[in-house]
Amino acid sequence: MLKKICYGKQMIIKISSLFLIFTILSSCFCIKQVNAEPSTNEGAKPITKEEATTIVQDIFNNRNKAIIDGNMNLVKELYDTKTKYGTWAYEYEQKKDQYLHNWQEKQGAKFVEIVPKVVVRKVRGDQTKASINFICSTEYKYIYDNEPDVLNSFRIGTYHIMSLAKLGDKWIINKEWYKDPFGDSLDLEKLKVDSIKTHILSQPPRDFSTLNERRKGAMDYAFRYCGAASEEIFEFKYNKKYRDYNPEGGDCANFASQILYEGGKFKKNGAWGYDSSGATRAWLNADGFKNYMVGSGRASVIAYGSYEKVYKASYKLLPGDFVAYEKKGDINHISVVTGADSKGYALVTCHNTDRNNVPWDLGWSDKKIKYWLVRVHY
């Protein structure tokens, strides 16, 4: 008993010593941090979420309008191009702008409005500089060249971390990080756009009013739980019943499986399933999902190949079917078909990046990518 008491005292002394060392080190660290702050910021008013929301919303409104107008000089003014990261962020927006214009040319369409909805999650900073963590649910509106009175739209959700600095009375971007929905394909120059455009513009709208209830259920589930791309009424969230695998490599197949199970009423089994302990490869992995669905007979391939080889067959896709995207022999994305636009062009919904009724090739359209267009048998 005595030994235990003495051991306890020794432990208390050691713990007290460690606590003292930790306190001293912490104090030194805090002093260093305080001294590192510019003296001009002392006593500066912290920036609020409401202020941050207004700032980012204004920047995105201006940036999107400039993109629609084709004025990249105005876009450039929103970035601190005197810094390396600010320059990189601007140059990437330039590249993305060119891709969107190339896609419009291929599609025979024109973007007429880009409407962002910013939701700030965290903000740190003051009235001179700020770091903002937010989501942006952006609605893209477009028309076809031969149907200028018919408006089509889709929504893309992105998750951002942005650093801003105030220059005079204007906030500018000096660093921006987000998972770009167009980042997997920014090259359309090699496609034969004239023949593709002619075909797309000649197509009529499609009627999905006779879809069976399981396909309708798949659509409803996809729209509700497509995260930052969903409608505001759904709070831009995933289904909390399921783990979000984005931090571990991607959530697209997980979401596609949810759509087929929760919405499409497919039954789980030993090969394809999810529970509190995790998920099977066929449920979670893009390659595994496609191989299981086709191999099990629950689905069959409509077409496979490059965009130029399969785009005509894409008009056979129905809501509840899916598209698998192959790059360098590996399927690295799954999207579920959830509709068609005024030209019957198939639209898809997915996670990472969150998409809601987006043209099936947008962000995935170049000769490096091959497509699996897959019919699901409900």
# chains A, B, ... in the order shown; residues from 1 in each chain; ligands from 1

call {"tool": "closest_atom_pairs", "arguments": {"of": "region 138-241 of chain A", "to": "region 56-66 of chain A", "cutoff": "12 Å", "atoms": "only C-alpha atoms", "output": "CSV"}}
result
residue,atom,partner,partner_atom,distance
A:Thr138,CA,A:Phe60,CA,9.7
A:Glu139,CA,A:Asn64,CA,10.8
A:Tyr140,CA,A:Asn64,CA,9.8
A:Lys141,CA,A:Asn64,CA,11.6
A:His160,CA,A:Val56,CA,10.6
A:Ile161,CA,A:Val56,CA,11.1
A:Met162,CA,A:Val56,CA,9.0
A:Ser163,CA,A:Val56,CA,10.5
A:Leu164,CA,A:Val56,CA,9.3
A:Ala165,CA,A:Val56,CA,11.9
A:Lys170,CA,A:Ile59,CA,9.9
A:Trp171,CA,A:Ile59,CA,8.2
A:Ile172,CA,A:Ile59,CA,8.3
A:Ile173,CA,A:Ile59,CA,8.9
A:Glu176,CA,A:Val56,CA,11.6

call {"tool": "select_by_dssp", "arguments": {"residues": "region 105-245 of chain A", "states": "strand (DSSP E or B)", "output": "ChimeraX atom specification"}}
result
/A:109-126,129-144,147-167,170-178

call {"tool": "residues_around", "arguments": {"residues": "Pro204 (chain A)", "least_positions_apart": "2", "cutoff": "9 Å", "atoms": "only C-alpha atoms", "output": "mmCIF file with C-alpha atoms, in the first residue's frame"}}
result
data_model
loop_
_atom_site.group_PDB
_atom_site.id
_atom_site.type_symbol
_atom_site.label_atom_id
_atom_site.label_comp_id
_atom_site.auth_asym_id
_atom_site.auth_seq_id
_atom_site.Cartn_x
_atom_site.Cartn_y
_atom_site.Cartn_z
ATOM 1 C CA LEU A 201 -29.373 20.694 -81.872
ATOM 2 C CA SER A 202 -31.531 18.346 -83.953
ATOM 3 C CA ARG A 206 -37.782 13.586 -74.012
ATOM 4 C CA SER A 342 -34.773 20.564 -73.611
ATOM 5 C CA LYS A 343 -32.725 18.777 -76.289
ATOM 6 C CA GLY A 344 -33.067 15.395 -74.626
#

call {"tool": "closest_residue", "arguments": {"among": "A:Phe154, A:Tyr90, A:Tyr79, A:Tyr378", "to": "Ile114 (chain A)", "atoms": "only C-alpha atoms"}}
result
A:Phe154

call {"tool": "closest_residue", "arguments": {"among": "A:His199, A:Arg155, A:Lys316, A:His377", "to": "Val348 (chain A)", "atoms": "only C-alpha atoms"}}
result
A:Arg155

call {"tool": "residues_around", "arguments": {"residues": "Ile369 (chain A)", "least_positions_apart": "6", "cutoff": "9 Å", "atoms": "only C-alpha atoms", "output": "compact mmCIF listing (two decimals) with N, CA and C atoms, in the first residue's frame"}}
result
# COMPACT_ATOMS: atom_id res chain seq x y z
N SER A 185 -11.32 17.47 -66.72
CA SER A 185 -11.33 17.57 -68.17
C SER A 185 -11.40 19.03 -68.58
N GLY A 305 -16.94 3.72 -74.79
CA GLY A 305 -15.92 4.29 -75.66
C GLY A 305 -15.74 5.78 -75.43
N SER A 306 -15.08 6.42 -76.38
CA SER A 306 -14.83 7.86 -76.31
C SER A 306 -16.14 8.63 -76.46
N TYR A 307 -16.07 9.92 -76.18
CA TYR A 307 -17.27 10.75 -76.30
C TYR A 307 -17.85 10.68 -77.71
N TYR A 325 -17.07 6.78 -65.63
CA TYR A 325 -16.06 7.54 -66.35
C TYR A 325 -14.70 6.88 -66.16
N GLU A 326 -14.08 6.51 -67.26
CA GLU A 326 -12.82 5.77 -67.22
C GLU A 326 -11.68 6.65 -67.71
N LYS A 327 -10.61 6.67 -66.93
CA LYS A 327 -9.43 7.44 -67.27
C LYS A 327 -8.20 6.55 -67.08
N LYS A 328 -7.43 6.39 -68.14
CA LYS A 328 -6.23 5.55 -68.11
C LYS A 328 -6.55 4.14 -67.64

call {"tool": "closest_residue", "arguments": {"among": "A:Gly227, A:Ser153, A:Asn212, A:Lys370", "to": "Leu347 (chain A)", "atoms": "only C-alpha atoms"}}
result
A:Ser153

call {"tool": "atom_distance", "arguments": {"atom1": "CA of Val119 (chain A)", "atom2": "CA of Ala256 (chain A)"}}
result
25.5 Å

call {"tool": "residues_around", "arguments": {"residues": "Thr87 (chain A)", "least_positions_apart": "5", "cutoff": "10 Å", "atoms": "only C-alpha atoms", "output": "number ranges by chain"}}
result
A: 76, 79-82, 92-93, 173-175

call {"tool": "atom_distance", "arguments": {"atom1": "CA of Trp364 (chain A)", "atom2": "CA of Ser335 (chain A)"}}
result
11.2 Å

call {"tool": "residues_around", "arguments": {"residues": "Ser195 (chain A)", "least_positions_apart": "2", "cutoff": "12 Å", "atoms": "only C-alpha atoms", "output": "list in words"}}
result
Glu105, Lys106, Gln107, Gly108, Leu191, Lys192, Val193, Lys197, Thr198, His199, Ile200, Leu201, Ser202, Glu308, Tyr311 and Lys312 of chain A

call {"tool": "write_last_selection", "arguments": {"atoms": "C-alpha atoms", "output": "PDB file, in the first residue's frame"}}
result
ATOM      1  CA  GLU A 105     -19.391  25.605 -78.763  1.00  0.00           C
ATOM      2  CA  LYS A 106     -19.537  21.812 -78.836  1.00  0.00           C
ATOM      3  CA  GLN A 107     -23.047  21.788 -77.368  1.00  0.00           C
ATOM      4  CA  GLY A 108     -24.522  24.539 -79.530  1.00  0.00           C
ATOM      5  CA  LEU A 191     -13.374  16.991 -80.632  1.00  0.00           C
ATOM      6  CA  LYS A 192     -15.167  17.398 -83.968  1.00  0.00           C
ATOM      7  CA  VAL A 193     -17.540  19.969 -82.576  1.00  0.00           C
ATOM      8  CA  LYS A 197     -23.352  20.282 -82.399  1.00  0.00           C
ATOM      9  CA  THR A 198     -25.533  19.549 -85.426  1.00  0.00           C
ATOM     10  CA  HIS A 199     -26.686  16.282 -83.898  1.00  0.00           C
ATOM     11  CA  ILE A 200     -27.407  17.760 -80.467  1.00  0.00           C
ATOM     12  CA  LEU A 201     -29.373  20.694 -81.872  1.00  0.00           C
ATOM     13  CA  SER A 202     -31.531  18.346 -83.953  1.00  0.00           C
ATOM     14  CA  GLU A 308     -17.474  10.784 -80.089  1.00  0.00           C
ATOM     15  CA  TYR A 311     -22.700  10.520 -77.423  1.00  0.00           C
ATOM     16  CA  LYS A 312     -25.465   9.437 -79.816  1.00  0.00           C
TER      17      LYS A 312
END

call {"tool": "residues_around", "arguments": {"residues": "Ala228 (chain A)", "least_positions_apart": "5", "cutoff": "10 Å", "atoms": "only C-alpha atoms", "output": "CSV table (one decimal) with N, CA and C atoms, in the first residue's frame"}}
result
chain,number,residue,atom,x,y,z
A,117,LYS,N,-25.0,30.7,-54.6
A,117,LYS,CA,-25.6,30.9,-53.3
A,117,LYS,C,-24.5,30.5,-52.3
A,118,VAL,N,-24.0,31.4,-51.5
A,118,VAL,CA,-22.8,31.2,-50.6
A,118,VAL,C,-23.3,31.0,-49.2
A,119,VAL,N,-22.8,29.9,-48.6
A,119,VAL,CA,-23.1,29.6,-47.2
A,119,VAL,C,-21.8,29.5,-46.4
A,135,ILE,N,-19.4,26.9,-48.5
A,135,ILE,CA,-19.9,26.1,-49.6
A,135,ILE,C,-20.6,27.1,-50.6
A,136,CYS,N,-20.6,26.7,-51.9
A,136,CYS,CA,-21.3,27.5,-52.8
A,136,CYS,C,-22.1,26.6,-53.7
A,137,SER,N,-23.4,26.9,-53.7
A,137,SER,CA,-24.3,26.1,-54.6
A,137,SER,C,-24.6,27.0,-55.8
A,138,THR,N,-24.1,26.7,-56.9
A,138,THR,CA,-24.2,27.6,-58.1
A,138,THR,C,-25.1,27.0,-59.2
A,155,ARG,N,-27.3,22.6,-61.3
A,155,ARG,CA,-26.6,23.1,-60.1
A,155,ARG,C,-25.4,22.3,-59.8
A,156,ILE,N,-24.3,23.1,-59.4
A,156,ILE,CA,-23.1,22.4,-59.0
A,156,ILE,C,-22.7,23.0,-57.6
A,157,GLY,N,-22.3,22.1,-56.7
A,157,GLY,CA,-22.0,22.5,-55.3
A,157,GLY,C,-20.5,22.3,-55.1
A,158,THR,N,-19.8,23.3,-54.5
A,158,THR,CA,-18.4,23.3,-54.3
A,158,THR,C,-18.1,23.7,-52.9
A,159,TYR,N,-17.0,23.2,-52.3
A,159,TYR,CA,-16.5,23.5,-51.0
A,159,TYR,C,-15.2,24.3,-51.0
A,234,PHE,N,-33.2,21.5,-48.6
A,234,PHE,CA,-32.5,20.3,-48.1
A,234,PHE,C,-31.2,20.6,-47.3
A,235,GLU,N,-30.9,21.9,-47.2
A,235,GLU,CA,-29.8,22.3,-46.3
A,235,GLU,C,-28.4,21.9,-46.9
A,236,PHE,N,-28.3,21.6,-48.1
A,236,PHE,CA,-27.0,21.3,-48.8
A,236,PHE,C,-26.3,20.2,-48.0
A,237,LYS,N,-27.0,19.1,-47.6
A,237,LYS,CA,-26.4,18.1,-46.8
A,237,LYS,C,-26.5,16.7,-47.4
A,238,TYR,N,-25.6,15.8,-47.1
A,238,TYR,CA,-25.7,14.4,-47.5
A,238,TYR,C,-26.6,13.7,-46.5
A,351,HIS,N,-22.0,12.8,-56.3
A,351,HIS,CA,-21.2,13.5,-55.3
A,351,HIS,C,-19.8,13.6,-55.8
A,352,ASN,N,-19.0,14.4,-55.2
A,352,ASN,CA,-17.6,14.8,-55.5
A,352,ASN,C,-17.3,14.8,-56.9
A,353,THR,N,-17.4,16.0,-57.5
A,353,THR,CA,-18.0,17.2,-57.0
A,353,THR,C,-19.5,17.0,-57.0
A,354,ASP,N,-20.2,17.7,-56.1
A,354,ASP,CA,-21.6,17.6,-56.0
A,354,ASP,C,-22.3,18.2,-57.3
A,355,ARG,N,-23.1,17.4,-57.9
A,355,ARG,CA,-23.8,17.8,-59.2
A,355,ARG,C,-25.3,17.5,-59.0
A,356,ASN,N,-26.1,18.4,-59.6
A,356,ASN,CA,-27.5,18.2,-59.6
A,356,ASN,C,-28.1,18.5,-61.0
